[in-house]
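K.L.:
Structure file protein.csv (CSV, C-alpha atoms) right here:
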```
chain,number,residue,atom,x,y,z
A,1061,MET,CA,59.6,-6.0,47.9
A,1062,ASN,CA,62.7,-5.5,50.0
A,1063,LYS,CA,62.9,-1.8,50.6
A,1064,ARG,CA,66.4,-2.1,52.1
A,1065,ILE,CA,67.5,-2.3,48.4
A,1066,LEU,CA,66.8,1.4,48.3
A,1067,ASN,CA,69.5,2.2,50.8
A,1068,ILE,CA,72.0,4.7,49.4
A,1069,GLU,CA,75.0,2.3,49.7
A,1070,ILE,CA,73.2,-0.5,47.8
A,1071,GLN,CA,71.8,1.9,45.1
A,1072,ASP,CA,75.4,3.2,44.6
A,1073,PHE,CA,76.7,-0.4,44.3
A,1074,ILE,CA,74.0,-1.2,41.7
A,1075,ASP,CA,74.9,1.9,39.6
A,1076,LEU,CA,78.6,1.1,39.9
A,1077,ASN,CA,78.1,-2.5,38.7
A,1078,LEU,CA,75.7,-2.0,35.8
A,1079,ASN,CA,78.4,-3.1,33.4
A,1080,SER,CA,80.1,-5.7,35.6
A,1081,ASP,CA,80.2,-9.4,34.9
A,1082,ILE,CA,77.2,-10.9,36.6
A,1083,SER,CA,78.8,-14.3,37.1
A,1084,SER,CA,81.8,-12.7,38.9
A,1085,LEU,CA,79.4,-10.7,41.2
A,1086,LEU,CA,77.6,-13.9,42.1
A,1087,LEU,CA,80.8,-15.6,43.0
A,1088,LYS,CA,82.2,-12.7,45.0
A,1089,GLY,CA,79.0,-11.9,46.7
A,1090,THR,CA,78.4,-8.6,48.5
A,1091,ASN,CA,79.0,-7.1,52.0
A,1092,PHE,CA,75.3,-6.2,52.5
A,1093,TYR,CA,74.0,-8.6,55.1
A,1094,ASP,CA,70.4,-7.4,55.1
A,1095,VAL,CA,70.0,-7.9,51.3
A,1096,LYS,CA,70.8,-11.1,49.4
A,1097,THR,CA,73.3,-10.9,46.6
A,1098,SER,CA,70.7,-12.5,44.3
A,1099,GLU,CA,68.3,-9.6,45.0
A,1100,ILE,CA,70.9,-7.0,44.1
A,1101,ILE,CA,71.8,-8.9,40.9
A,1102,ALA,CA,68.2,-8.9,39.9
A,1103,GLN,CA,68.1,-5.1,40.3
A,1104,ILE,CA,71.2,-4.7,38.2
A,1105,GLU,CA,69.9,-6.9,35.4
A,1106,ALA,CA,66.6,-5.2,35.3
A,1107,LYS,CA,68.0,-1.7,35.5
A,1108,LYS,CA,70.5,-2.5,32.6
A,1109,ARG,CA,67.5,-3.4,30.4
A,1110,ALA,CA,65.7,-0.2,31.4
A,1111,LYS,CA,68.5,2.1,30.3
A,1112,SER,CA,67.5,2.5,26.7
A,1113,LYS,CA,63.9,1.2,27.0
A,1114,LEU,CA,62.9,3.3,30.0
A,1115,PRO,CA,65.3,6.2,30.3
A,1116,LEU,CA,63.0,8.2,32.6
A,1117,TRP,CA,62.9,5.3,35.1
A,1118,PHE,CA,66.6,4.7,34.7
A,1119,ASN,CA,67.5,8.3,35.5
A,1120,THR,CA,65.1,8.7,38.4
A,1121,LYS,CA,66.3,7.9,41.9
A,1122,ASN,CA,64.8,5.3,44.2
A,1123,ILE,CA,63.2,3.3,41.4
A,1124,TYR,CA,62.6,-0.3,42.4
A,1125,TYR,CA,62.8,-2.8,39.6
A,1126,PRO,CA,60.8,-6.1,39.1
A,1127,ASN,CA,62.5,-9.1,37.6
A,1128,LYS,CA,64.0,-8.7,34.1
A,1129,LEU,CA,61.2,-10.6,32.5
A,1130,ASN,CA,58.7,-7.8,33.6
A,1131,ILE,CA,61.1,-5.3,32.0
A,1132,GLU,CA,61.3,-7.2,28.8
A,1133,GLN,CA,57.5,-7.5,28.6
A,1134,THR,CA,56.6,-3.9,29.4
A,1135,SER,CA,55.9,-1.2,26.9
A,1136,SER,CA,58.8,1.1,26.1
A,1137,GLU,CA,58.5,4.8,26.9
A,1138,VAL,CA,58.4,5.7,23.3
A,1139,THR,CA,55.5,3.3,22.5
A,1140,ALA,CA,53.7,4.2,25.7
A,1141,LYS,CA,53.8,7.9,24.7
A,1142,TYR,CA,52.4,7.1,21.3
A,1143,LYS,CA,49.4,5.2,22.6
A,1144,SER,CA,48.7,7.8,25.3
A,1145,GLY,CA,48.5,10.3,22.5
A,1146,LEU,CA,45.6,8.4,20.8
A,1147,ILE,CA,43.2,8.6,23.7
A,1148,LYS,CA,42.0,10.9,26.5
A,1149,GLY,CA,39.1,11.4,28.9
A,1150,HIS,CA,38.1,11.5,32.5
A,1151,ASN,CA,38.9,7.9,33.6
A,1152,ILE,CA,40.6,4.8,32.3
A,1153,ILE,CA,41.3,1.4,33.7
A,1154,ASP,CA,44.3,-0.8,32.8
A,1155,LEU,CA,43.3,-4.4,33.4
A,1156,THR,CA,46.8,-5.8,33.0
A,1157,GLY,CA,48.9,-3.0,34.6
A,1158,GLY,CA,52.3,-4.7,34.7
A,1159,PHE,CA,55.2,-2.3,35.4
A,1160,GLY,CA,52.9,0.7,34.9
A,1161,ILE,CA,54.6,2.4,32.0
A,1162,ASP,CA,51.4,2.8,30.0
A,1163,CYS,CA,49.5,4.0,33.1
A,1164,PHE,CA,52.1,6.6,33.8
A,1165,TYR,CA,51.6,8.2,30.4
A,1166,PHE,CA,47.8,7.7,30.5
A,1167,SER,CA,47.9,9.8,33.7
A,1168,LYS,CA,48.8,12.8,31.6
A,1169,GLN,CA,45.7,12.3,29.4
A,1170,PHE,CA,43.1,11.2,32.1
A,1171,ASN,CA,42.0,12.6,35.4
A,1172,ILE,CA,41.7,9.2,37.0
A,1173,VAL,CA,43.8,6.0,36.1
A,1174,LYS,CA,43.2,2.6,37.7
A,1175,HIS,CA,46.1,0.1,37.5
A,1176,CYS,CA,45.1,-3.5,38.1
A,1177,GLU,CA,47.8,-6.0,38.5
A,1178,ILE,CA,47.2,-9.6,39.8
A,1179,ASN,CA,50.8,-9.9,41.0
A,1180,GLN,CA,50.7,-8.3,44.4
A,1181,LYS,CA,54.5,-7.8,44.6
A,1182,LEU,CA,54.6,-6.1,41.3
A,1183,SER,CA,51.6,-4.0,42.2
A,1184,HIS,CA,53.5,-2.7,45.3
A,1185,ILE,CA,56.6,-2.0,43.3
A,1186,VAL,CA,54.6,0.1,40.8
A,1187,ASN,CA,52.8,2.0,43.6
A,1188,HIS,CA,56.2,2.8,45.1
A,1189,ASN,CA,57.6,4.0,41.8
A,1190,PHE,CA,54.7,6.2,41.0
A,1191,LYS,CA,55.4,8.1,44.3
A,1192,GLN,CA,58.9,8.8,43.1
A,1193,PHE,CA,57.3,10.7,40.1
A,1194,ASN,CA,54.8,12.5,42.3
A,1195,VAL,CA,52.0,11.0,40.3
A,1196,SER,CA,48.8,11.3,42.4
A,1197,ASN,CA,46.0,10.3,39.9
A,1198,ILE,CA,46.8,6.6,39.5
A,1199,GLU,CA,45.3,4.1,41.9
A,1200,THR,CA,47.1,0.7,42.0
A,1201,ILE,CA,44.9,-2.2,42.7
A,1202,SER,CA,46.3,-5.7,43.3
A,1203,THR,CA,43.7,-7.8,41.7
A,1204,ASN,CA,42.6,-9.5,38.5
A,1205,GLY,CA,41.4,-6.8,36.2
A,1206,ILE,CA,38.6,-8.8,34.7
A,1207,ALA,CA,37.4,-9.8,38.2
A,1208,TYR,CA,37.5,-6.2,39.2
A,1209,LEU,CA,35.1,-5.3,36.3
A,1210,LYS,CA,32.8,-8.1,37.3
A,1211,ASP,CA,32.7,-7.0,40.9
A,1212,ASN,CA,32.3,-3.3,40.2
A,1213,SER,CA,29.7,-1.3,38.2
A,1214,GLU,CA,31.9,1.7,37.5
A,1215,TYR,CA,31.9,3.0,34.0
A,1216,PHE,CA,35.1,4.1,32.2
A,1217,ASP,CA,35.8,6.4,29.3
A,1218,TRP,CA,38.4,3.8,28.2
A,1219,ILE,CA,39.5,0.3,29.0
A,1220,TYR,CA,43.1,-0.7,28.2
A,1221,ILE,CA,44.2,-4.3,28.2
A,1222,ASP,CA,47.5,-6.1,27.3
A,1223,PRO,CA,46.8,-9.8,27.1
A,1224,SER,CA,49.8,-12.2,27.1
A,1225,ARG,CA,50.1,-15.5,25.3
A,1226,ARG,CA,49.7,-18.7,27.4
A,1227,HIS,CA,52.9,-20.7,27.5
A,1228,ASP,CA,51.1,-23.8,26.2
A,1229,SER,CA,50.2,-22.1,22.9
A,1230,LYS,CA,53.8,-22.0,21.7
A,1231,GLY,CA,54.2,-23.5,18.2
A,1232,LYS,CA,50.6,-23.0,17.4
A,1233,VAL,CA,48.8,-20.4,15.3
A,1234,PHE,CA,48.5,-17.3,17.5
A,1235,PHE,CA,44.9,-16.5,18.4
A,1236,LEU,CA,43.6,-14.0,20.9
A,1237,ASN,CA,41.7,-16.8,22.7
A,1238,ASP,CA,45.2,-18.2,23.3
A,1239,CYS,CA,45.9,-15.3,25.6
A,1240,MET,CA,45.3,-14.4,29.2
A,1241,PRO,CA,42.9,-12.8,29.7
A,1242,ASN,CA,40.8,-14.1,26.8
A,1243,VAL,CA,39.6,-10.8,25.3
A,1244,PRO,CA,37.1,-12.2,22.7
A,1245,ALA,CA,35.4,-14.2,25.6
A,1246,HIS,CA,35.1,-11.1,27.7
A,1247,LEU,CA,34.1,-8.5,25.1
A,1248,GLU,CA,30.5,-8.3,26.3
A,1249,LEU,CA,31.7,-7.5,29.8
A,1250,LEU,CA,34.2,-4.9,28.5
A,1251,PHE,CA,31.6,-3.1,26.5
A,1252,LYS,CA,29.3,-3.0,29.5
A,1253,ARG,CA,31.9,-1.0,31.3
A,1254,SER,CA,33.1,1.3,28.4
A,1255,ASN,CA,32.3,2.3,24.9
A,1256,ASN,CA,36.0,2.4,24.0
A,1257,ILE,CA,38.6,-0.3,24.3
A,1258,LEU,CA,42.3,-0.2,23.5
A,1259,ILE,CA,44.1,-3.5,23.2
A,1260,LYS,CA,47.9,-4.0,22.9
A,1261,ILE,CA,48.8,-7.2,21.1
A,1262,SER,CA,52.0,-9.0,20.2
A,1263,PRO,CA,53.2,-8.4,16.6
A,1264,LEU,CA,53.1,-12.2,16.2
A,1265,LEU,CA,49.3,-11.9,15.7
A,1266,ASP,CA,48.1,-12.1,12.1
A,1267,ILE,CA,45.9,-9.0,11.6
A,1268,SER,CA,43.2,-10.8,9.6
A,1269,VAL,CA,43.0,-13.4,12.4
A,1270,GLY,CA,42.5,-10.7,15.0
A,1271,ILE,CA,39.8,-9.0,12.9
A,1272,ASN,CA,37.9,-12.3,12.7
A,1273,GLU,CA,38.1,-12.8,16.5
A,1274,LEU,CA,37.1,-9.3,17.6
A,1275,LYS,CA,34.0,-7.0,17.1
A,1276,HIS,CA,33.6,-3.3,16.5
A,1277,VAL,CA,37.3,-2.7,15.4
A,1278,LYS,CA,37.7,0.9,14.4
A,1279,SER,CA,41.4,1.1,13.8
A,1280,ILE,CA,44.6,-0.9,14.1
A,1281,HIS,CA,48.0,0.8,14.8
A,1282,VAL,CA,51.2,-1.0,13.8
A,1283,ILE,CA,54.1,0.5,15.8
A,1284,ALA,CA,57.7,-0.1,14.8
A,1285,VAL,CA,60.7,1.4,16.5
A,1286,ASN,CA,63.8,1.7,14.4
A,1287,ASN,CA,62.2,-0.6,11.9
A,1288,GLU,CA,61.4,-3.3,14.4
A,1289,VAL,CA,57.7,-3.9,15.0
A,1290,LYS,CA,56.9,-3.7,18.7
A,1291,GLU,CA,53.2,-3.5,19.1
A,1292,LEU,CA,49.8,-3.9,17.5
A,1293,LEU,CA,47.2,-1.5,19.0
A,1294,TRP,CA,43.5,-2.3,18.4
A,1295,VAL,CA,40.9,0.5,18.9
A,1296,LEU,CA,37.4,-0.9,19.5
A,1297,LYS,CA,34.3,1.3,19.7
A,1298,LYS,CA,31.0,0.0,20.8
A,1299,GLY,CA,28.6,-0.3,17.8
A,1300,TYR,CA,31.2,0.5,15.2
A,1301,ASN,CA,30.9,-1.5,12.0
A,1302,ASP,CA,32.4,0.7,9.3
A,1303,GLU,CA,35.8,0.6,7.5
A,1304,ILE,CA,38.8,-0.5,9.6
A,1305,SER,CA,41.7,2.0,9.3
A,1306,ILE,CA,45.2,0.6,9.4
A,1307,LYS,CA,47.7,3.1,10.7
A,1308,THR,CA,51.5,2.4,10.6
A,1309,ILE,CA,54.3,4.3,12.2
A,1310,ASN,CA,58.0,3.7,12.2
A,1311,ILE,CA,59.5,5.7,15.1
A,1312,LYS,CA,63.0,6.8,14.4
A,1313,PRO,CA,65.4,9.2,16.3
A,1314,LYS,CA,65.1,12.1,13.8
A,1315,THR,CA,61.8,11.5,12.1
A,1316,ASN,CA,58.8,9.2,12.1
A,1317,HIS,CA,57.3,7.5,9.0
A,1318,TYR,CA,53.5,7.2,8.7
A,1319,PHE,CA,51.4,5.3,6.3
A,1320,GLU,CA,47.6,4.7,6.5
A,1321,PHE,CA,45.0,2.7,4.5
A,1322,ASN,CA,41.7,1.1,4.9
A,1323,PHE,CA,41.8,-2.7,5.4
A,1324,ASN,CA,39.3,-3.5,2.7
A,1325,ASP,CA,40.9,-1.2,0.2
A,1326,GLU,CA,43.9,-3.4,0.0
A,1327,LYS,CA,41.9,-6.2,-1.5
A,1328,LEU,CA,40.1,-3.9,-4.0
A,1329,GLN,CA,43.2,-2.0,-5.3
A,1330,ASN,CA,45.5,-3.7,-7.7
A,1331,ALA,CA,49.2,-2.7,-8.0
A,1332,ARG,CA,50.9,-1.8,-11.2
A,1333,TYR,CA,54.0,-3.8,-12.1
A,1334,ASN,CA,57.3,-2.9,-13.9
A,1335,LYS,CA,60.9,-3.9,-14.3
A,1336,PRO,CA,63.4,-2.3,-11.9
A,1337,LEU,CA,63.8,1.4,-13.0
A,1338,GLN,CA,66.1,4.1,-11.5
A,1339,TYR,CA,65.1,3.7,-7.9
A,1340,LEU,CA,64.3,0.8,-5.6
A,1341,TYR,CA,62.1,1.1,-2.5
A,1342,GLU,CA,61.7,-1.3,0.5
A,1343,PRO,CA,58.8,-0.5,2.9
A,1344,ASN,CA,59.5,-0.3,6.6
A,1345,ALA,CA,58.7,-3.1,8.9
A,1346,ALA,CA,55.4,-1.6,10.1
A,1347,ILE,CA,54.0,-1.5,6.6
A,1348,LEU,CA,55.3,-5.0,5.8
A,1349,LYS,CA,53.4,-6.2,9.0
A,1350,ALA,CA,50.3,-4.3,8.1
A,1351,GLY,CA,50.2,-5.8,4.6
A,1352,GLY,CA,49.2,-2.7,2.6
A,1353,PHE,CA,51.3,-3.8,-0.4
A,1354,ASN,CA,48.8,-2.7,-3.1
A,1355,GLN,CA,48.0,0.5,-1.3
A,1356,VAL,CA,51.7,1.4,-1.1
A,1357,ALA,CA,51.9,1.2,-4.9
A,1358,HIS,CA,48.6,3.1,-5.4
A,1359,GLN,CA,49.1,5.9,-2.9
A,1360,LEU,CA,52.8,6.5,-3.5
A,1361,SER,CA,52.7,6.1,-7.3
A,1362,VAL,CA,55.3,3.4,-7.5
A,1363,PHE,CA,55.5,0.1,-9.4
A,1364,LYS,CA,55.7,-3.3,-7.8
A,1365,LEU,CA,58.3,-5.8,-9.0
A,1366,HIS,CA,56.3,-8.9,-8.2
A,1367,LYS,CA,53.1,-9.7,-6.3
A,1368,HIS,CA,55.1,-11.5,-3.6
A,1369,SER,CA,58.3,-9.5,-3.6
A,1370,HIS,CA,57.1,-6.3,-1.8
A,1371,LEU,CA,59.8,-4.2,-3.5
A,1372,TYR,CA,58.9,-1.1,-5.5
A,1373,THR,CA,60.5,1.0,-8.2
A,1374,SER,CA,60.1,4.3,-9.9
A,1375,GLU,CA,61.9,6.4,-12.6
A,1376,THR,CA,62.1,9.5,-10.5
A,1377,LEU,CA,63.1,9.9,-6.8
A,1378,LEU,CA,60.1,9.9,-4.5
A,1379,THR,CA,59.6,10.3,-0.7
A,1380,PHE,CA,59.0,6.8,0.7
A,1381,PRO,CA,58.4,5.3,4.2
A,1382,GLY,CA,61.3,2.9,4.1
A,1383,ARG,CA,64.6,2.3,2.5
A,1384,VAL,CA,65.3,4.3,-0.7
A,1385,LEU,CA,68.1,3.1,-3.0
A,1386,LYS,CA,69.6,4.0,-6.4
A,1387,ILE,CA,69.8,1.1,-8.8
A,1388,GLN,CA,73.2,0.6,-10.4
A,1389,ASN,CA,72.6,-2.6,-12.2
A,1390,VAL,CA,70.2,-5.5,-12.6
A,1391,ILE,CA,71.4,-8.9,-13.7
A,1392,ILE,CA,69.8,-12.3,-14.0
A,1393,TYR,CA,70.7,-14.5,-11.1
A,1394,SER,CA,73.6,-16.9,-11.5
A,1395,LYS,CA,76.7,-17.5,-9.6
A,1396,GLN,CA,78.8,-17.0,-12.7
A,1397,ALA,CA,77.2,-13.6,-13.5
A,1398,LEU,CA,77.7,-12.4,-10.0
A,1399,LYS,CA,81.3,-13.5,-10.0
A,1400,LYS,CA,82.0,-11.4,-13.0
A,1401,LEU,CA,81.0,-8.2,-11.1
A,1402,HIS,CA,83.9,-8.8,-8.6
A,1403,ILE,CA,81.9,-7.8,-5.6
A,1404,THR,CA,83.6,-8.9,-2.4
A,1405,LYS,CA,81.6,-6.9,0.2
A,1406,ALA,CA,77.9,-6.0,0.2
A,1407,ASN,CA,74.7,-5.9,2.2
A,1408,ILE,CA,72.4,-8.7,1.0
A,1409,THR,CA,68.6,-8.8,1.2
A,1410,THR,CA,66.3,-11.6,-0.2
A,1411,ARG,CA,62.6,-11.0,-1.1
A,1412,ASN,CA,60.6,-13.7,-2.7
A,1413,PHE,CA,63.7,-15.7,-3.4
A,1414,PRO,CA,64.4,-19.5,-2.9
A,1415,GLU,CA,67.7,-19.2,-1.1
A,1416,THR,CA,68.6,-17.6,2.3
A,1417,VAL,CA,71.1,-14.8,2.9
A,1418,ALA,CA,73.4,-17.2,4.7
A,1419,LYS,CA,73.4,-19.7,1.8
A,1420,LEU,CA,74.0,-16.9,-0.7
A,1421,ARG,CA,77.0,-15.6,1.3
A,1422,LYS,CA,78.5,-19.1,1.4
A,1423,LYS,CA,78.0,-19.6,-2.3
A,1424,THR,CA,79.2,-16.2,-3.4
A,1425,LYS,CA,81.9,-15.5,-0.7
A,1426,ILE,CA,80.5,-12.0,-0.4
A,1427,LYS,CA,81.3,-10.5,3.0
A,1428,ASP,CA,78.8,-8.4,5.0
A,1429,GLY,CA,79.0,-4.6,4.9
A,1430,GLY,CA,80.1,-1.9,2.6
A,1431,ASP,CA,78.2,0.6,0.5
A,1432,LEU,CA,76.5,-1.8,-1.9
A,1433,TYR,CA,73.1,-3.3,-1.3
A,1434,LEU,CA,72.2,-6.5,-3.2
A,1435,PHE,CA,68.5,-7.5,-3.5
A,1436,PHE,CA,68.0,-11.1,-4.6
A,1437,THR,CA,64.4,-11.3,-5.8
A,1438,THR,CA,61.9,-12.3,-8.5
A,1439,ASP,CA,60.5,-10.0,-11.1
A,1440,ALA,CA,57.0,-10.0,-12.7
A,1441,ASN,CA,58.2,-12.4,-15.4
A,1442,GLU,CA,59.1,-15.0,-12.6
A,1443,THR,CA,62.8,-14.4,-13.4
A,1444,LYS,CA,65.3,-14.6,-10.5
A,1445,ILE,CA,67.3,-11.4,-10.5
A,1446,ILE,CA,69.9,-9.4,-8.5
A,1447,ILE,CA,69.4,-5.7,-8.1
A,1448,ILE,CA,72.6,-3.9,-7.3
A,1449,THR,CA,72.0,-0.6,-5.4
A,1450,GLU,CA,73.4,2.0,-3.2
A,1451,LYS,CA,71.7,4.2,-0.6
A,1452,VAL,CA,70.4,7.6,-1.8
```
Could you rewrite the structure in this file as structure tokens?
P.N.:
Amino acid sequence: MNKRILNIEIQDFIDLNLNSDISSLLLKGTNFYDVKTSEIIAQIEAKKRAKSKLPLWFNTKNIYYPNKLNIEQTSSEVTAKYKSGLIKGHNIIDLTGGFGIDCFYFSKQFNIVKHCEINQKLSHIVNHNFKQFNVSNIETISTNGIAYLKDNSEYFDWIYIDPSRRHDSKGKVFFLNDCMPNVPAHLELLFKRSNNILIKISPLLDISVGINELKHVKSIHVIAVNNEVKELLWVLKKGYNDEISIKTINIKPKTNHYFEFNFNDEKLQNARYNKPLQYLYEPNAAILKAGGFNQVAHQLSVFKLHKHSHLYTSETLLTFPGRVLKIQNVIIYSKQALKKLHITKANITTRNFPETVAKLRKKTKIKDGGDLYLFFTTDANETKIIIITEKV
């Protein structure tokens, strides 16, 4: 950590060049002889990524940024706030502290927070940044979090861990034992140090696979931001062996959409099916990831179009956690039938359909955009159809 980067002149230069061309800056270099141009560029690139993801950090003076990869991998402020709202107590340890966003928000819910980070440089950066926020109840420890638990007998109200996939697991089925640290292998140790464990996992993990690998799972939170799934949060409680609750949230600027169901209920409940009626519904990304397709139909009193389409319909307008559209027309799929409609511009979605959006656009010459939304899908009779809709 080169603290000379925090000099006022260099900080001003960073702010003035947030939107500058990086290649040009590298070629021109800078006039700061005590700081390398590459170090300044690294700060610019990282700070640019923090603008929308970490606005509090971005707008606070004297923040030192790690490399851009650390910024990409860290929790966003909005997801960190959500997870900190789930738990509270006297003390918590974060075994994989990273850039410290989660710990910052945990510090508002706990009296004592321990931030373990094996990367010494990153640990020093996080410690410096916490001081800029006048946070005094977080202890930064430059060590392996699992090793810290092994070497200390301290008991915690909560343990938080954010395992990362090993690079050599790319292209394979994603298992938790592919991650560092290997959570399933260390569960016994974790439960010796706490009754409560919160795990943040990549959305790439199949929920059923995770349930099979872990023990005492109480609930799973699927977090989407603006309809993009960002995190899976797993709450484990020592000795818990009851129903697993699946909680989904799609965080949006004006309102949040929630949907909840029990994991086993999805298998027990059958959806009702119908042809497209007056309204079409597409669940948000968090629900699609959670897989509560039959529960959506059951709880929200809507019909499913097909077992594998994950589109829903109703005769009357209902409140729904996802896209809500008014159906204008339904036609059996064929290039000739679509051509007769004289549609030149529309938004296209495929669900349980053999052709891709790109292939359909090439075939139909329909440009992207406009007020129409075309859904290419399959109905309950296995007929390929096009549902022509507009937003409600």
K.L.:
Considering only C-alpha atoms, state which residue in the set A:Asn1212, A:Asn1197, A:Thr1410, A:Thr1424 is at the smallest distance from Lys1252 of chain A.
P.N.:
A:Asn1212
K.L.:
Atom CA of Lys1400 of chain A and atom CA of Leu1340 of chain A are how many Å apart?
P.N.:
22.7 Å
K.L.:
At a cut-off of 9 Å, using all atoms listed in the file, what residues contact segment 1141-1157 of chain A? Leave out same-chain residues fewer than 3 positions from it and give the result as a PyMOL selection string.
P.N.:
chain A and resi 1136-1138+1160-1163+1165-1178+1183+1186+1200+1203-1206+1208-1209+1215-1223+1241+1258+1283+1293
K.L.:
Please list, as a list in words, the residues that have an atom at most 10 Å away from (52.0, -4.9, 20.7) in the coordinates of this file, counting only C-alpha atoms.
P.N.:
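Answer for this query, in the requested form: Gln1133, Thr1134, Ser1135, Thr1139, Asp1222, Pro1223, Ser1224, Ile1259, Lys1260, Ile1261, Ser1262, Pro1263, Leu1264, Leu1265, His1281, Val1282, Ile1283, Ala1284, Val1289, Lys1290, Glu1291, Leu1292, Leu1293 and Trp1294 of chain A.
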K.L.:
Mind writing the picked residues with C-alpha atoms as a PDB file, keeping the file's coordinate frame?
P.N.:
```
ATOM      1  CA  GLN A1133      57.500  -7.500  28.600  1.00  0.00           C
ATOM      2  CA  THR A1134      56.600  -3.900  29.400  1.00  0.00           C
ATOM      3  CA  SER A1135      55.900  -1.200  26.900  1.00  0.00           C
ATOM      4  CA  THR A1139      55.500   3.300  22.500  1.00  0.00           C
ATOM      5  CA  ASP A1222      47.500  -6.100  27.300  1.00  0.00           C
ATOM      6  CA  PRO A1223      46.800  -9.800  27.100  1.00  0.00           C
ATOM      7  CA  SER A1224      49.800 -12.200  27.100  1.00  0.00           C
ATOM      8  CA  ILE A1259      44.100  -3.500  23.200  1.00  0.00           C
ATOM      9  CA  LYS A1260      47.900  -4.000  22.900  1.00  0.00           C
ATOM     10  CA  ILE A1261      48.800  -7.200  21.100  1.00  0.00           C
ATOM     11  CA  SER A1262      52.000  -9.000  20.200  1.00  0.00           C
ATOM     12  CA  PRO A1263      53.200  -8.400  16.600  1.00  0.00           C
ATOM     13  CA  LEU A1264      53.100 -12.200  16.200  1.00  0.00           C
ATOM     14  CA  LEU A1265      49.300 -11.900  15.700  1.00  0.00           C
ATOM     15  CA  HIS A1281      48.000   0.800  14.800  1.00  0.00           C
ATOM     16  CA  VAL A1282      51.200  -1.000  13.800  1.00  0.00           C
ATOM     17  CA  ILE A1283      54.100   0.500  15.800  1.00  0.00           C
ATOM     18  CA  ALA A1284      57.700  -0.100  14.800  1.00  0.00           C
ATOM     19  CA  VAL A1289      57.700  -3.900  15.000  1.00  0.00           C
ATOM     20  CA  LYS A1290      56.900  -3.700  18.700  1.00  0.00           C
ATOM     21  CA  GLU A1291      53.200  -3.500  19.100  1.00  0.00           C
ATOM     22  CA  LEU A1292      49.800  -3.900  17.500  1.00  0.00           C
ATOM     23  CA  LEU A1293      47.200  -1.500  19.000  1.00  0.00           C
ATOM     24  CA  TRP A1294      43.500  -2.300  18.400  1.00  0.00           C
TER      25      TRP A1294
END
```
K.L.:
To one decimal place in Å, what is the distance between atom CA of Asp1431 of chain A and atom CA of Ser1374 of chain A?
P.N.:
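Spanning atom CA of Asp1431 of chain A to atom CA of Ser1374 of chain A is a straight-line distance of 21.2 Å.
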K.L.:
Looking at A:Asp1325, A:Gln1192, A:Leu1420, A:Cys1239, which one is nearest to Arg1225 of chain A, with distances taken over all atoms listed in the file?
P.N.:
A:Cys1239
K.L.:
Quick one, how far is atom CA of Lys1335 of chain A from atom CA of Lys1422 of chain A?
P.N.:
28.1 Å
K.L.:
Pick from A:Thr1315, A:Leu1247, A:Lys1108, A:Asn1344: nearest to Glu1288 of chain A, with only C-alpha atoms counted?
P.N.:
A:Asn1344
K.L.:
Restrict the calculation to all atoms listed in the file, then for each residue of segment 1276-1361 of chain A with any atom at most 10 Å from an atom of segment 1439-1443 of chain A give the closest atom pair and their distance in Å to one decimal, rows by chain and rising residue number, as a Markdown table.
P.N.:
```
| residue | atom | partner | partner_atom | distance |
| --- | --- | --- | --- | --- |
| A:Tyr1333 | CA | A:Ala1440 | CA | 6.9 |
| A:Asn1334 | CA | A:Ala1440 | CA | 7.2 |
| A:Lys1335 | CA | A:Asp1439 | CA | 6.9 |
| A:Pro1336 | CA | A:Asp1439 | CA | 8.3 |
```
K.L.:
Need the shell around Ile1446 of chain A: protein/DNA/RNA residues with any atom at most 8 Å away, counting only C-alpha atoms. Skip same-chain ones fewer than 6 positions apart. Format as a PDB file with C-alpha atoms, keeping the file's coordinate frame?
P.N.:
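Listing of around32.pdb after writing:
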```pdb
ATOM      1  CA  VAL A1390      70.200  -5.500 -12.600  1.00  0.00           C
ATOM      2  CA  ILE A1391      71.400  -8.900 -13.700  1.00  0.00           C
ATOM      3  CA  ILE A1392      69.800 -12.300 -14.000  1.00  0.00           C
ATOM      4  CA  TYR A1393      70.700 -14.500 -11.100  1.00  0.00           C
ATOM      5  CA  LEU A1434      72.200  -6.500  -3.200  1.00  0.00           C
ATOM      6  CA  PHE A1435      68.500  -7.500  -3.500  1.00  0.00           C
ATOM      7  CA  PHE A1436      68.000 -11.100  -4.600  1.00  0.00           C
ATOM      8  CA  THR A1437      64.400 -11.300  -5.800  1.00  0.00           C
TER       9      THR A1437
END
```
K.L.:
A:Ile1347, A:Leu1078, A:Ile1185, A:Val1295: which is nearest Tyr1318 of chain A, counting all atoms listed in the file?
P.N.:
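The shortest atom-to-atom distance to Tyr1318 of chain A comes from A:Ile1347.
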K.L.:
Starting from the point (73.9, 2.0, -14.2), work out which residues of protein, DNA or RNA have an atom no more than 12 Å away when counting only C-alpha atoms; state them as a ChimeraX atom specification.
P.N.:
/A:1336-1339,1386-1391,1447-1450
K.L.:
Can you tell me which residues surround Asp1266 of chain A at a distance of at most 12 Å, considering all atoms listed in the file, apart from same-chain residues fewer than 4 positions away, and format the answer as a list of chain:residue names?
P.N.:
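Within the cut-off, the hits are A:Val1233, A:Phe1234, A:Phe1235, A:Leu1236, A:Ile1261, A:Ser1262, A:Gly1270, A:Ile1271, A:Asn1272, A:Glu1273, A:Ile1280, A:Val1282, A:Leu1292, A:Leu1348, A:Lys1349, A:Ala1350, A:Gly1351.
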K.L.:
When distances are computed from only C-alpha atoms, which of A:Asn1242, A:Ser1254, A:Asn1407, A:Ser1305 shows the smallest separation from Ile1267 of chain A?
P.N.:
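Counting only C-alpha atoms, the residue closest to Ile1267 of chain A is A:Ser1305.
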K.L.:
Could you check which of A:Ile1070, A:Ala1207, A:Ile1311, A:Met1061 is closest to Lys1181 of chain A, using only C-alpha atoms?
P.N.:
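Nearest candidate to Lys1181 of chain A out of A:Ile1070, A:Ala1207, A:Ile1311, A:Met1061: A:Met1061.
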